[in-house]
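Novice: You'll find model_2.cif just under this line, and it carries mmCIF, C-alpha atoms and all ligand atoms.
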```
data_my_file
loop_
_atom_site.group_PDB
_atom_site.id
_atom_site.type_symbol
_atom_site.label_atom_id
_atom_site.label_comp_id
_atom_site.auth_asym_id
_atom_site.auth_seq_id
_atom_site.Cartn_x
_atom_site.Cartn_y
_atom_site.Cartn_z
ATOM 1 C CA MET A 1 -35.066 63.864 48.898
ATOM 2 C CA THR A 2 -36.781 61.973 46.064
ATOM 3 C CA GLN A 3 -40.272 60.515 46.439
ATOM 4 C CA PHE A 4 -38.632 57.084 46.633
ATOM 5 C CA ALA A 5 -36.319 58.202 49.434
ATOM 6 C CA LEU A 6 -39.263 59.838 51.190
ATOM 7 C CA ARG A 7 -41.304 56.628 51.020
ATOM 8 C CA SER A 8 -38.337 54.721 52.311
ATOM 9 C CA VAL A 9 -37.862 57.019 55.329
ATOM 10 C CA LEU A 10 -41.580 56.895 56.049
ATOM 11 C CA SER A 11 -41.756 53.129 55.869
ATOM 12 C CA ARG A 12 -38.741 52.859 58.143
ATOM 13 C CA ALA A 13 -40.455 55.253 60.533
ATOM 14 C CA LEU A 14 -43.595 53.163 60.436
ATOM 15 C CA ALA A 15 -41.608 50.006 61.023
ATOM 16 C CA CYS A 16 -40.003 51.703 64.029
ATOM 17 C CA VAL A 17 -36.495 50.684 62.985
ATOM 18 C CA ASN A 18 -33.834 51.847 65.391
ATOM 19 C CA MET A 19 -31.541 54.772 64.781
ATOM 20 C CA LEU A 20 -33.574 56.893 62.467
ATOM 21 C CA GLU A 21 -32.535 60.514 62.628
ATOM 22 C CA LEU A 22 -35.020 62.929 64.222
ATOM 23 C CA ARG A 23 -34.697 65.847 61.805
ATOM 24 C CA GLU A 24 -34.722 63.703 58.675
ATOM 25 C CA THR A 25 -37.815 61.885 59.903
ATOM 26 C CA ALA A 26 -39.478 65.221 60.728
ATOM 27 C CA LEU A 27 -38.927 66.273 57.100
ATOM 28 C CA ALA A 28 -40.449 63.043 55.825
ATOM 29 C CA ILE A 29 -43.496 63.496 58.056
ATOM 30 C CA LEU A 30 -43.800 67.139 56.993
ATOM 31 C CA ALA A 31 -43.983 65.983 53.367
ATOM 32 C CA ASN A 32 -46.697 63.418 54.088
ATOM 33 C CA ARG A 33 -49.933 64.544 52.417
ATOM 34 C CA ASP A 34 -52.246 62.372 54.483
ATOM 35 C CA VAL A 35 -53.450 64.290 57.518
ATOM 36 C CA GLN A 36 -54.380 61.413 59.779
ATOM 37 C CA SER A 37 -51.210 59.411 59.224
ATOM 38 C CA LYS A 38 -49.156 62.614 59.648
ATOM 39 C CA VAL A 39 -50.765 63.107 63.072
ATOM 40 C CA GLU A 40 -50.116 59.477 64.048
ATOM 41 C CA GLN A 41 -46.515 59.484 62.792
ATOM 42 C CA LEU A 42 -45.834 62.614 64.749
ATOM 43 C CA ALA A 43 -47.082 61.146 68.016
ATOM 44 C CA ARG A 44 -44.919 58.077 67.337
ATOM 45 C CA LEU A 45 -41.898 60.233 66.490
ATOM 46 C CA PHE A 46 -42.164 61.953 69.869
ATOM 47 C CA ASP A 47 -42.426 58.639 71.732
ATOM 48 C CA LYS A 48 -39.624 56.944 69.800
ATOM 49 C CA TYR A 49 -37.283 59.884 70.301
ATOM 50 C CA HIS A 50 -37.885 59.878 74.033
ATOM 51 C CA GLN A 51 -37.435 56.101 74.133
ATOM 52 C CA GLN A 52 -34.044 56.754 72.477
ATOM 53 C CA GLU A 53 -34.979 54.764 69.404
ATOM 54 C CA ILE A 54 -34.389 57.808 67.212
ATOM 55 C CA HIS A 55 -31.219 59.845 67.455
ATOM 56 C CA LEU A 56 -30.582 63.521 66.819
ATOM 57 C CA ASP A 57 -27.946 64.850 64.452
ATOM 58 C CA ILE A 58 -27.859 68.621 64.917
ATOM 59 C CA SER A 59 -25.260 69.292 62.236
ATOM 60 C CA LYS A 60 -26.589 67.480 59.188
ATOM 61 C CA GLU A 61 -28.043 69.644 56.415
ATOM 62 C CA TYR A 62 -31.097 68.318 54.605
ATOM 63 C CA SER A 63 -32.658 69.481 51.375
ATOM 64 C CA ALA A 64 -36.318 69.605 50.449
ATOM 65 C CA ASP A 65 -35.629 70.388 46.786
ATOM 66 C CA GLN A 66 -37.613 67.439 45.462
ATOM 67 C CA LEU A 67 -40.495 67.897 47.856
ATOM 68 C CA SER A 68 -43.586 70.038 47.937
ATOM 69 C CA LEU A 69 -43.917 71.393 51.457
ATOM 70 C CA PRO A 70 -45.977 71.084 53.453
ATOM 71 C CA GLY A 71 -47.534 67.792 52.420
ATOM 72 C CA ARG A 72 -51.238 68.573 52.510
ATOM 73 C CA PRO A 73 -54.415 66.981 51.217
ATOM 74 C CA GLN A 74 -56.158 68.307 48.114
ATOM 75 C CA ASN A 75 -58.715 70.044 50.320
ATOM 76 C CA PRO A 76 -59.141 72.545 51.906
ATOM 77 C CA GLU A 77 -58.970 74.897 48.974
ATOM 78 C CA LEU A 78 -56.608 77.755 49.871
ATOM 79 C CA VAL A 79 -58.015 81.249 49.310
ATOM 80 C CA PRO A 80 -57.024 84.816 50.314
ATOM 81 C CA PRO A 81 -58.063 85.636 53.928
ATOM 82 C CA LEU A 82 -60.939 87.893 52.867
ATOM 83 C CA GLN A 83 -62.480 85.084 50.819
ATOM 84 C CA VAL A 84 -62.847 82.770 53.816
ATOM 85 C CA PRO A 85 -66.603 82.795 54.531
ATOM 86 C CA LYS A 86 -67.799 84.753 57.577
ATOM 87 C CA ARG A 87 -68.668 82.446 60.460
ATOM 88 C CA LYS A 88 -72.062 82.969 62.047
ATOM 89 C CA MET A 89 -72.503 81.257 65.375
ATOM 90 C CA ASP A 90 -76.277 80.909 64.960
ATOM 91 C CA THR A 91 -75.973 78.121 62.398
ATOM 92 C CA ILE A 92 -74.371 74.675 62.675
ATOM 93 C CA GLU A 93 -72.469 75.383 59.474
ATOM 94 C CA GLY A 94 -71.133 78.667 60.863
ATOM 95 C CA ARG A 95 -69.854 76.991 64.027
ATOM 96 C CA ALA A 96 -68.297 74.191 62.036
ATOM 97 C CA SER A 97 -66.683 76.753 59.745
ATOM 98 C CA LEU A 98 -65.080 78.495 62.730
ATOM 99 C CA LEU A 99 -63.827 75.137 64.023
ATOM 100 C CA HIS A 100 -62.510 74.423 60.533
ATOM 101 C CA SER A 101 -60.428 77.588 60.512
ATOM 102 C CA LEU A 102 -58.981 76.535 63.885
ATOM 103 C CA ALA A 103 -58.266 73.030 62.567
ATOM 104 C CA HIS A 104 -56.435 74.524 59.600
ATOM 105 C CA ILE A 105 -54.319 76.705 61.890
ATOM 106 C CA GLU A 106 -53.450 73.639 63.981
ATOM 107 C CA PHE A 107 -52.592 71.673 60.829
ATOM 108 C CA ASN A 108 -50.225 74.414 59.712
ATOM 109 C CA ALA A 109 -48.857 74.801 63.232
ATOM 110 C CA MET A 110 -47.970 71.105 63.171
ATOM 111 C CA ASN A 111 -46.213 71.673 59.859
ATOM 112 C CA LEU A 112 -44.364 74.761 61.052
ATOM 113 C CA ALA A 113 -43.023 72.917 64.097
ATOM 114 C CA LEU A 114 -41.769 70.086 61.861
ATOM 115 C CA ASP A 115 -40.191 72.667 59.583
ATOM 116 C CA ALA A 116 -38.395 74.361 62.498
ATOM 117 C CA LEU A 117 -37.040 70.932 63.404
ATOM 118 C CA TRP A 118 -35.483 69.812 60.140
ATOM 119 C CA ARG A 119 -34.555 73.068 58.451
ATOM 120 C CA PHE A 120 -32.147 74.798 60.802
ATOM 121 C CA PRO A 121 -28.977 72.882 61.766
ATOM 122 C CA ASN A 122 -26.516 73.570 64.555
ATOM 123 C CA MET A 123 -28.900 74.747 67.216
ATOM 124 C CA PRO A 124 -28.632 73.235 70.723
ATOM 125 C CA ALA A 125 -30.321 69.838 71.190
ATOM 126 C CA GLN A 126 -32.941 71.486 73.406
ATOM 127 C CA TYR A 127 -34.130 73.561 70.440
ATOM 128 C CA TYR A 128 -35.063 70.403 68.507
ATOM 129 C CA GLU A 129 -36.645 68.810 71.569
ATOM 130 C CA ASP A 130 -38.723 71.936 72.143
ATOM 131 C CA TRP A 131 -40.020 71.936 68.580
ATOM 132 C CA LEU A 132 -40.714 68.217 68.695
ATOM 133 C CA ARG A 133 -42.916 68.863 71.720
ATOM 134 C CA VAL A 134 -44.670 71.723 69.911
ATOM 135 C CA ALA A 135 -45.299 69.482 66.886
ATOM 136 C CA LYS A 136 -46.826 66.777 69.084
ATOM 137 C CA GLU A 137 -49.065 69.268 70.873
ATOM 138 C CA GLU A 138 -50.218 70.818 67.579
ATOM 139 C CA ALA A 139 -51.146 67.348 66.324
ATOM 140 C CA TYR A 140 -53.139 66.830 69.532
ATOM 141 C CA HIS A 141 -54.883 70.202 69.055
ATOM 142 C CA PHE A 142 -55.678 69.311 65.448
ATOM 143 C CA ASN A 143 -57.268 66.044 66.542
ATOM 144 C CA LEU A 144 -59.321 67.713 69.275
ATOM 145 C CA VAL A 145 -60.699 70.378 66.950
ATOM 146 C CA ASN A 146 -61.199 68.014 64.033
ATOM 147 C CA GLN A 147 -63.095 65.468 66.116
ATOM 148 C CA HIS A 148 -65.322 68.174 67.536
ATOM 149 C CA MET A 149 -65.989 69.543 64.056
ATOM 150 C CA GLN A 150 -66.936 66.014 62.993
ATOM 151 C CA SER A 151 -69.556 65.974 65.765
ATOM 152 C CA TYR A 152 -71.167 68.866 63.831
ATOM 153 C CA GLY A 153 -71.113 66.714 60.680
ATOM 154 C CA PHE A 154 -68.130 68.330 58.940
ATOM 155 C CA SER A 155 -64.528 67.296 58.282
ATOM 156 C CA TYR A 156 -61.227 68.985 57.627
ATOM 157 C CA GLY A 157 -61.260 70.066 53.995
ATOM 158 C CA ASP A 158 -64.993 70.894 53.847
ATOM 159 C CA PHE A 159 -64.446 74.690 53.884
ATOM 160 C CA PRO A 160 -61.896 76.940 52.179
ATOM 161 C CA ALA A 161 -58.993 78.145 54.306
ATOM 162 C CA HIS A 162 -56.317 80.817 54.128
ATOM 163 C CA ASN A 163 -52.630 80.197 54.409
ATOM 164 C CA SER A 164 -51.153 83.264 56.148
ATOM 165 C CA LEU A 165 -49.384 81.223 58.799
ATOM 166 C CA TRP A 166 -47.579 79.007 56.303
ATOM 167 C CA GLU A 167 -46.720 81.995 54.115
ATOM 168 C CA MET A 168 -44.723 83.467 56.997
ATOM 169 C CA VAL A 169 -42.967 80.115 57.399
ATOM 170 C CA GLU A 170 -42.019 80.211 53.704
ATOM 171 C CA ARG A 171 -40.814 83.784 53.960
ATOM 172 C CA THR A 172 -38.378 82.878 56.743
ATOM 173 C CA THR A 173 -36.733 79.737 55.367
ATOM 174 C CA ASP A 174 -33.327 81.420 55.200
ATOM 175 C CA SER A 175 -32.981 82.544 58.813
ATOM 176 C CA VAL A 176 -33.670 80.829 62.118
ATOM 177 C CA ILE A 177 -33.745 84.157 63.986
ATOM 178 C CA ALA A 178 -36.323 85.538 61.546
ATOM 179 C CA ARG A 179 -38.326 82.330 61.912
ATOM 180 C CA MET A 180 -38.345 82.551 65.702
ATOM 181 C CA ALA A 181 -39.155 86.269 65.649
ATOM 182 C CA LEU A 182 -41.949 86.141 63.121
ATOM 183 C CA VAL A 183 -43.607 82.756 63.419
ATOM 184 C CA PRO A 184 -43.932 81.748 67.102
ATOM 185 C CA ARG A 185 -43.549 85.181 68.666
ATOM 186 C CA THR A 186 -45.623 87.017 66.059
ATOM 187 C CA MET A 187 -48.084 84.654 64.364
ATOM 188 C CA GLU A 188 -48.601 82.230 67.248
ATOM 189 C CA ALA A 189 -48.635 85.114 69.719
ATOM 190 C CA ARG A 190 -51.599 86.522 67.784
ATOM 191 C CA GLY A 191 -53.356 83.294 68.693
ATOM 192 C CA LEU A 192 -52.932 84.186 72.372
ATOM 193 C CA ASP A 193 -54.819 87.420 71.677
ATOM 194 C CA ALA A 194 -57.524 85.778 69.567
ATOM 195 C CA VAL A 195 -58.389 82.583 71.441
ATOM 196 C CA PRO A 196 -60.214 84.145 74.455
ATOM 197 C CA SER A 197 -62.808 85.885 72.272
ATOM 198 C CA ILE A 198 -63.334 82.738 70.166
ATOM 199 C CA ARG A 199 -63.720 80.733 73.396
ATOM 200 C CA ASP A 200 -66.320 83.261 74.591
ATOM 201 C CA ARG A 201 -68.311 82.913 71.377
ATOM 202 C CA PHE A 202 -68.605 79.181 72.037
ATOM 203 C CA LYS A 203 -69.411 79.865 75.680
ATOM 204 C CA GLN A 204 -72.340 82.018 74.597
ATOM 205 C CA ILE A 205 -73.853 79.169 72.604
ATOM 206 C CA LYS A 206 -73.094 76.725 75.468
ATOM 207 C CA ASP A 207 -70.743 74.536 73.443
ATOM 208 C CA ILE A 208 -68.825 73.406 76.501
ATOM 209 C CA LYS A 209 -66.654 70.942 74.588
ATOM 210 C CA ALA A 210 -65.367 73.697 72.291
ATOM 211 C CA VAL A 211 -64.700 75.910 75.332
ATOM 212 C CA GLU A 212 -62.656 73.108 76.945
ATOM 213 C CA ILE A 213 -60.665 72.561 73.748
ATOM 214 C CA LEU A 214 -59.895 76.268 73.455
ATOM 215 C CA GLU A 215 -58.719 76.354 77.094
ATOM 216 C CA ILE A 216 -56.279 73.530 76.338
ATOM 217 C CA ILE A 217 -55.085 75.320 73.198
ATOM 218 C CA LEU A 218 -54.570 78.629 75.010
ATOM 219 C CA HIS A 219 -52.606 76.930 77.779
ATOM 220 C CA ASP A 220 -50.349 75.042 75.355
ATOM 221 C CA GLU A 221 -49.866 77.995 73.003
ATOM 222 C CA ILE A 222 -48.390 80.038 75.829
ATOM 223 C CA GLY A 223 -45.719 77.331 75.971
ATOM 224 C CA HIS A 224 -45.136 77.535 72.214
ATOM 225 C CA VAL A 225 -44.646 81.293 72.256
ATOM 226 C CA LEU A 226 -42.366 80.834 75.264
ATOM 227 C CA ILE A 227 -40.253 78.488 73.150
ATOM 228 C CA GLY A 228 -40.161 81.096 70.385
ATOM 229 C CA ASN A 229 -39.035 83.717 72.874
ATOM 230 C CA ARG A 230 -36.427 81.405 74.372
ATOM 231 C CA TRP A 231 -34.737 80.746 71.017
ATOM 232 C CA PHE A 232 -35.160 84.260 69.681
ATOM 233 C CA ASN A 233 -33.456 85.642 72.791
ATOM 234 C CA PHE A 234 -30.792 82.932 72.641
ATOM 235 C CA LEU A 235 -29.960 83.981 69.070
ATOM 236 C CA CYS A 236 -29.983 87.668 69.990
ATOM 237 C CA VAL A 237 -27.419 87.014 72.744
ATOM 238 C CA LYS A 238 -25.341 84.877 70.378
ATOM 239 C CA GLU A 239 -25.333 87.581 67.701
ATOM 240 C CA ASN A 240 -25.041 90.435 70.175
ATOM 241 C CA LEU A 241 -28.342 92.027 69.163
ATOM 242 C CA SER A 242 -30.906 93.957 71.165
ATOM 243 C CA PRO A 243 -34.148 91.911 71.029
ATOM 244 C CA ILE A 244 -36.327 94.986 70.552
ATOM 245 C CA SER A 245 -34.413 96.511 67.669
ATOM 246 C CA ALA A 246 -33.682 93.079 66.140
ATOM 247 C CA TYR A 247 -37.404 92.336 66.129
ATOM 248 C CA ARG A 248 -38.209 95.697 64.582
ATOM 249 C CA ASP A 249 -35.657 95.134 61.810
ATOM 250 C CA LEU A 250 -36.781 91.579 61.086
ATOM 251 C CA ALA A 251 -40.466 92.539 61.030
ATOM 252 C CA ARG A 252 -39.695 95.193 58.453
ATOM 253 C CA ARG A 253 -37.331 93.074 56.357
ATOM 254 C CA TYR A 254 -39.611 90.017 56.238
ATOM 255 C CA ARG A 255 -42.855 91.988 55.908
ATOM 256 C CA ALA A 256 -44.482 90.779 59.108
ATOM 257 C CA PRO A 257 -48.194 91.520 59.399
ATOM 258 C CA THR A 258 -49.280 94.642 61.243
ATOM 259 C CA LEU A 259 -50.027 93.891 64.873
ATOM 260 C CA ARG A 260 -53.412 94.945 66.131
ATOM 261 C CA GLY A 261 -54.814 94.825 69.642
ATOM 262 C CA PRO A 262 -56.480 94.059 71.861
ATOM 263 C CA PHE A 263 -53.509 92.113 73.168
ATOM 264 C CA ASN A 264 -53.684 89.377 75.765
ATOM 265 C CA LEU A 265 -50.980 90.937 77.893
ATOM 266 C CA GLU A 266 -51.285 88.408 80.697
ATOM 267 C CA ALA A 267 -50.771 85.441 78.364
ATOM 268 C CA ARG A 268 -47.979 87.256 76.559
ATOM 269 C CA GLN A 269 -46.241 87.895 79.862
ATOM 270 C CA GLN A 270 -46.513 84.198 80.728
ATOM 271 C CA ALA A 271 -45.125 83.463 77.262
ATOM 272 C CA GLY A 272 -41.918 85.299 78.068
ATOM 273 C CA PHE A 273 -42.289 88.784 76.636
ATOM 274 C CA THR A 274 -40.436 91.277 78.802
ATOM 275 C CA GLN A 275 -42.050 94.205 80.615
ATOM 276 C CA GLU A 276 -40.409 96.555 78.160
ATOM 277 C CA GLU A 277 -41.832 94.631 75.208
ATOM 278 C CA LEU A 278 -45.294 94.544 76.775
ATOM 279 C CA GLN A 279 -45.200 98.264 77.510
ATOM 280 C CA LEU A 280 -44.299 99.027 73.923
ATOM 281 C CA LEU A 281 -47.078 96.764 72.757
ATOM 282 C CA GLY A 282 -49.628 98.350 75.079
ATOM 283 C CA ALA A 283 -48.644 101.945 74.526
ATOM 284 C CA VAL A 284 -47.754 102.199 70.881
ATOM 285 C CA HIS A 285 -50.127 101.966 67.966
ATOM 286 C CA GLU A 286 -47.408 102.179 65.398
ATOM 287 C CA PRO A 287 -47.525 98.896 63.521
ATOM 288 C CA GLN A 288 -44.779 96.321 63.578
ATOM 289 C CA LEU A 289 -42.988 97.760 66.564
ATOM 290 C CA ILE A 290 -43.078 94.715 68.736
ATOM 291 C CA ALA A 291 -44.484 91.197 68.847
HETATM 292 FE FE FE A 301 -51.974 74.690 68.559
HETATM 293 FE FE FE A 302 -48.705 76.518 68.698
#
```
Would you give me this structure, written as structure tokens?
Specialist:
Amino acid sequence: MTQFALRSVLSRALACVNMLELRETALAILANRDVQSKVEQLARLFDKYHQQEIHLDISKEYSADQLSLPGRPQNPELVPPLQVPKRKMDTIEGRASLLHSLAHIEFNAMNLALDALWRFPNMPAQYYEDWLRVAKEEAYHFNLVNQHMQSYGFSYGDFPAHNSLWEMVERTTDSVIARMALVPRTMEARGLDAVPSIRDRFKQIKDIKAVEILEIILHDEIGHVLIGNRWFNFLCVKENLSPISAYRDLARRYRAPTLRGPFNLEARQQAGFTQEELQLLGAVHEPQLIA
């Protein structure tokens, strides 16, 4: 899609013209570099689709050859994970920096949901509706975290950030089963493990608003991982694969990060991991065995 075509799709989206296509519009929103309008367009996309003013074409193939994905603002500067400054909770800047890293994850989560929507054709309609819901919820999470960070006097872009989540999205552009295995049920599932301890750090400093936001995020993220599990298992059945060995193979082939505990087994169970998967996760320290 050329920049001209992109602008045209975006302006049609903004004008709310009938019969836009969901996946094409998701691609246009993904390419939008302006964070706030991306968030607003996404909320509108969800509403318009459910008001049947946007239709879904599951079979059309789109190309992002002319686009730089994801559309993102000039800041934050992207740096390797170890170069992201340590966040100390005893300073305002440290708390804001931790919120910033969460905002960046939510920004990329919004982008990854949009990418899952447009990139992979010929999945059931429910797949696209699931990812549309994820995208809307990620935009909501981004707004919650960003607004709270602003109450500390900082904005999205004020700190450097790392891009591990998006790198896994880029690594899995050629395979929907790899995407489902390694993005929602690996990277987002790590969020289920990490959020409770981050929430407790804010609890200790009596930042009740941050605690409330993290409770909302944890609740919704269980649903996102559940969606990842649903479509990963759907694809395993379709391709006659065992989920456990398919995951192991994909993790190796696509260089998934090593999984480290402690794991939030209760949240993972609610997110659809089977008892067998949870037992492997709990019992085995060998990396990359299971999500
Ligand atoms: Fe989120
Ligand atoms: Fe998520």
Novice: Taking only residues of chain A that have an atom at most 9 Å from an atom of ligand FE 301 (chain A), what is each one's shortest atom pair and its distance in Å to one decimal, using only C-alpha atoms and all ligand atoms, in chain and number order, as JSON lines?
Specialist:
```
{"residue": "A:Leu102", "atom": "CA", "partner": "A:FE301", "partner_atom": "FE", "distance": 8.6}
{"residue": "A:Ala103", "atom": "CA", "partner": "A:FE301", "partner_atom": "FE", "distance": 8.8}
{"residue": "A:Ile105", "atom": "CA", "partner": "A:FE301", "partner_atom": "FE", "distance": 7.4}
{"residue": "A:Glu106", "atom": "CA", "partner": "A:FE301", "partner_atom": "FE", "distance": 4.9}
{"residue": "A:Phe107", "atom": "CA", "partner": "A:FE301", "partner_atom": "FE", "distance": 8.3}
{"residue": "A:Ala109", "atom": "CA", "partner": "A:FE301", "partner_atom": "FE", "distance": 6.2}
{"residue": "A:Met110", "atom": "CA", "partner": "A:FE301", "partner_atom": "FE", "distance": 7.6}
{"residue": "A:Val134", "atom": "CA", "partner": "A:FE301", "partner_atom": "FE", "distance": 8.0}
{"residue": "A:Ala135", "atom": "CA", "partner": "A:FE301", "partner_atom": "FE", "distance": 8.6}
{"residue": "A:Glu137", "atom": "CA", "partner": "A:FE301", "partner_atom": "FE", "distance": 6.6}
{"residue": "A:Glu138", "atom": "CA", "partner": "A:FE301", "partner_atom": "FE", "distance": 4.4}
{"residue": "A:Ala139", "atom": "CA", "partner": "A:FE301", "partner_atom": "FE", "distance": 7.7}
{"residue": "A:Tyr140", "atom": "CA", "partner": "A:FE301", "partner_atom": "FE", "distance": 8.0}
{"residue": "A:His141", "atom": "CA", "partner": "A:FE301", "partner_atom": "FE", "distance": 5.4}
{"residue": "A:Phe142", "atom": "CA", "partner": "A:FE301", "partner_atom": "FE", "distance": 7.2}
{"residue": "A:Glu188", "atom": "CA", "partner": "A:FE301", "partner_atom": "FE", "distance": 8.4}
{"residue": "A:Gly191", "atom": "CA", "partner": "A:FE301", "partner_atom": "FE", "distance": 8.7}
{"residue": "A:Ile216", "atom": "CA", "partner": "A:FE301", "partner_atom": "FE", "distance": 9.0}
{"residue": "A:Ile217", "atom": "CA", "partner": "A:FE301", "partner_atom": "FE", "distance": 5.6}
{"residue": "A:Leu218", "atom": "CA", "partner": "A:FE301", "partner_atom": "FE", "distance": 8.0}
{"residue": "A:Asp220", "atom": "CA", "partner": "A:FE301", "partner_atom": "FE", "distance": 7.0}
{"residue": "A:Glu221", "atom": "CA", "partner": "A:FE301", "partner_atom": "FE", "distance": 5.9}
{"residue": "A:His224", "atom": "CA", "partner": "A:FE301", "partner_atom": "FE", "distance": 8.3}
```
Novice: Would you output that residue set with C-alpha atoms, as an mmCIF file, in the coordinates of the input?
Specialist:
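Dumped everything to part_29.cif:
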```cif
data_model
loop_
_atom_site.group_PDB
_atom_site.id
_atom_site.type_symbol
_atom_site.label_atom_id
_atom_site.label_comp_id
_atom_site.auth_asym_id
_atom_site.auth_seq_id
_atom_site.Cartn_x
_atom_site.Cartn_y
_atom_site.Cartn_z
ATOM 1 C CA LEU A 102 -58.981 76.535 63.885
ATOM 2 C CA ALA A 103 -58.266 73.030 62.567
ATOM 3 C CA ILE A 105 -54.319 76.705 61.890
ATOM 4 C CA GLU A 106 -53.450 73.639 63.981
ATOM 5 C CA PHE A 107 -52.592 71.673 60.829
ATOM 6 C CA ALA A 109 -48.857 74.801 63.232
ATOM 7 C CA MET A 110 -47.970 71.105 63.171
ATOM 8 C CA VAL A 134 -44.670 71.723 69.911
ATOM 9 C CA ALA A 135 -45.299 69.482 66.886
ATOM 10 C CA GLU A 137 -49.065 69.268 70.873
ATOM 11 C CA GLU A 138 -50.218 70.818 67.579
ATOM 12 C CA ALA A 139 -51.146 67.348 66.324
ATOM 13 C CA TYR A 140 -53.139 66.830 69.532
ATOM 14 C CA HIS A 141 -54.883 70.202 69.055
ATOM 15 C CA PHE A 142 -55.678 69.311 65.448
ATOM 16 C CA GLU A 188 -48.601 82.230 67.248
ATOM 17 C CA GLY A 191 -53.356 83.294 68.693
ATOM 18 C CA ILE A 216 -56.279 73.530 76.338
ATOM 19 C CA ILE A 217 -55.085 75.320 73.198
ATOM 20 C CA LEU A 218 -54.570 78.629 75.010
ATOM 21 C CA ASP A 220 -50.349 75.042 75.355
ATOM 22 C CA GLU A 221 -49.866 77.995 73.003
ATOM 23 C CA HIS A 224 -45.136 77.535 72.214
#
```
Novice: Just how far from CA of Arg190 in chain A is CA of Ser245 in chain A, in Å to one decimal?
Specialist: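 CA of Arg190 in chain A lies 19.9 Å from CA of Ser245 in chain A.
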Novice: Give me, as a PyMOL selection string, all polymer residues having an atom no more than 10 Å from Pro262 in chain A, counting all atoms listed in the file and skipping those fewer than 4 positions away in the same chain.
Specialist: chain A and resi 190+193-194+281-282
Novice: Since I can't run it myself right now, could you work out what the PyMOL selection byres (((chain A and resi 196-205) around 12) and not hetatm) selects here and report it as a PyMOL selection string?
Specialist: chain A and resi 87-92+94-96+98-99+101-102+190-195+206-219+262-267
Novice: If we count all atoms listed in the file and set the cut-off at 12 Å, which residues sit around His50 in chain A, ignoring sequence neighbours fewer than 5 positions away in its own chain? Please answer as a PyMOL selection string.
Specialist: chain A and resi 22+43-45+55-56+129+132-133
Novice: Report as a PDB file with C-alpha atoms, keeping the file's coordinate frame the residues that result from applying the PyMOL selection byres (((chain A and resi 130) around 12) and not hetatm) to the structure here.
Specialist:
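The result, written out as result-v9.pdb:
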```
ATOM      1  CA  PHE A  46     -42.164  61.953  69.869  1.00  0.00           C
ATOM      2  CA  ALA A 113     -43.023  72.917  64.097  1.00  0.00           C
ATOM      3  CA  LEU A 114     -41.769  70.086  61.861  1.00  0.00           C
ATOM      4  CA  ALA A 116     -38.395  74.361  62.498  1.00  0.00           C
ATOM      5  CA  LEU A 117     -37.040  70.932  63.404  1.00  0.00           C
ATOM      6  CA  MET A 123     -28.900  74.747  67.216  1.00  0.00           C
ATOM      7  CA  PRO A 124     -28.632  73.235  70.723  1.00  0.00           C
ATOM      8  CA  ALA A 125     -30.321  69.838  71.190  1.00  0.00           C
ATOM      9  CA  GLN A 126     -32.941  71.486  73.406  1.00  0.00           C
ATOM     10  CA  TYR A 127     -34.130  73.561  70.440  1.00  0.00           C
ATOM     11  CA  TYR A 128     -35.063  70.403  68.507  1.00  0.00           C
ATOM     12  CA  GLU A 129     -36.645  68.810  71.569  1.00  0.00           C
ATOM     13  CA  TRP A 131     -40.020  71.936  68.580  1.00  0.00           C
ATOM     14  CA  LEU A 132     -40.714  68.217  68.695  1.00  0.00           C
ATOM     15  CA  ARG A 133     -42.916  68.863  71.720  1.00  0.00           C
ATOM     16  CA  VAL A 134     -44.670  71.723  69.911  1.00  0.00           C
ATOM     17  CA  ALA A 135     -45.299  69.482  66.886  1.00  0.00           C
ATOM     18  CA  LYS A 136     -46.826  66.777  69.084  1.00  0.00           C
ATOM     19  CA  GLU A 137     -49.065  69.268  70.873  1.00  0.00           C
ATOM     20  CA  GLY A 223     -45.719  77.331  75.971  1.00  0.00           C
ATOM     21  CA  HIS A 224     -45.136  77.535  72.214  1.00  0.00           C
ATOM     22  CA  VAL A 225     -44.646  81.293  72.256  1.00  0.00           C
ATOM     23  CA  LEU A 226     -42.366  80.834  75.264  1.00  0.00           C
ATOM     24  CA  ILE A 227     -40.253  78.488  73.150  1.00  0.00           C
ATOM     25  CA  GLY A 228     -40.161  81.096  70.385  1.00  0.00           C
ATOM     26  CA  ASN A 229     -39.035  83.717  72.874  1.00  0.00           C
ATOM     27  CA  ARG A 230     -36.427  81.405  74.372  1.00  0.00           C
ATOM     28  CA  TRP A 231     -34.737  80.746  71.017  1.00  0.00           C
TER      29      TRP A 231
END
```
Novice: Pick the closest to ligand FE 302 (chain A) from A:Asn163, A:Asn108, A:Tyr152, A:Thr172: which is it, counting only C-alpha atoms and all ligand atoms?
Specialist: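 Among the listed residues, A:Asn108 lies closest to ligand FE 302 (chain A).
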Novice: Could you expand the PyMOL selection byres (((chain A and resi 32) around 10) and not hetatm) into the explicit residues it covers here, written as a PyMOL selection string?
Specialist: chain A and resi 6-7+10+26-31+33-39+41+67-73
Novice: Calculated over only C-alpha atoms and all ligand atoms, which of the candidates A:Ala161, A:Ala189, A:Ala64, A:Val176 has the smallest distance to ligand FE 302 (chain A)?
Specialist: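 That would be A:Ala189, the residue with the smallest distance to ligand FE 302 (chain A).
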Novice: Using Å and a single decimal, report how far CA of Pro80 in chain A sits from CA of Arg252 in chain A.
Specialist: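 CA of Pro80 in chain A lies at a distance of 21.8 Å from CA of Arg252 in chain A.
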Novice: So, counting only C-alpha atoms and all ligand atoms, which residue among A:Ala181, A:Leu259, A:Leu112, A:Leu280 is closest to ligand FE 302 (chain A)?
Specialist: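 Using only C-alpha atoms and all ligand atoms, ligand FE 302 (chain A) sits closest to A:Leu112.
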Novice: Name all residues at most 6 Å from Ile54 in chain A (count all atoms listed in the file; drop same-chain ones fewer than 5 positions away) and give them as a VMD selection string.
Specialist: chain A and resid 19 to 22 48 to 49
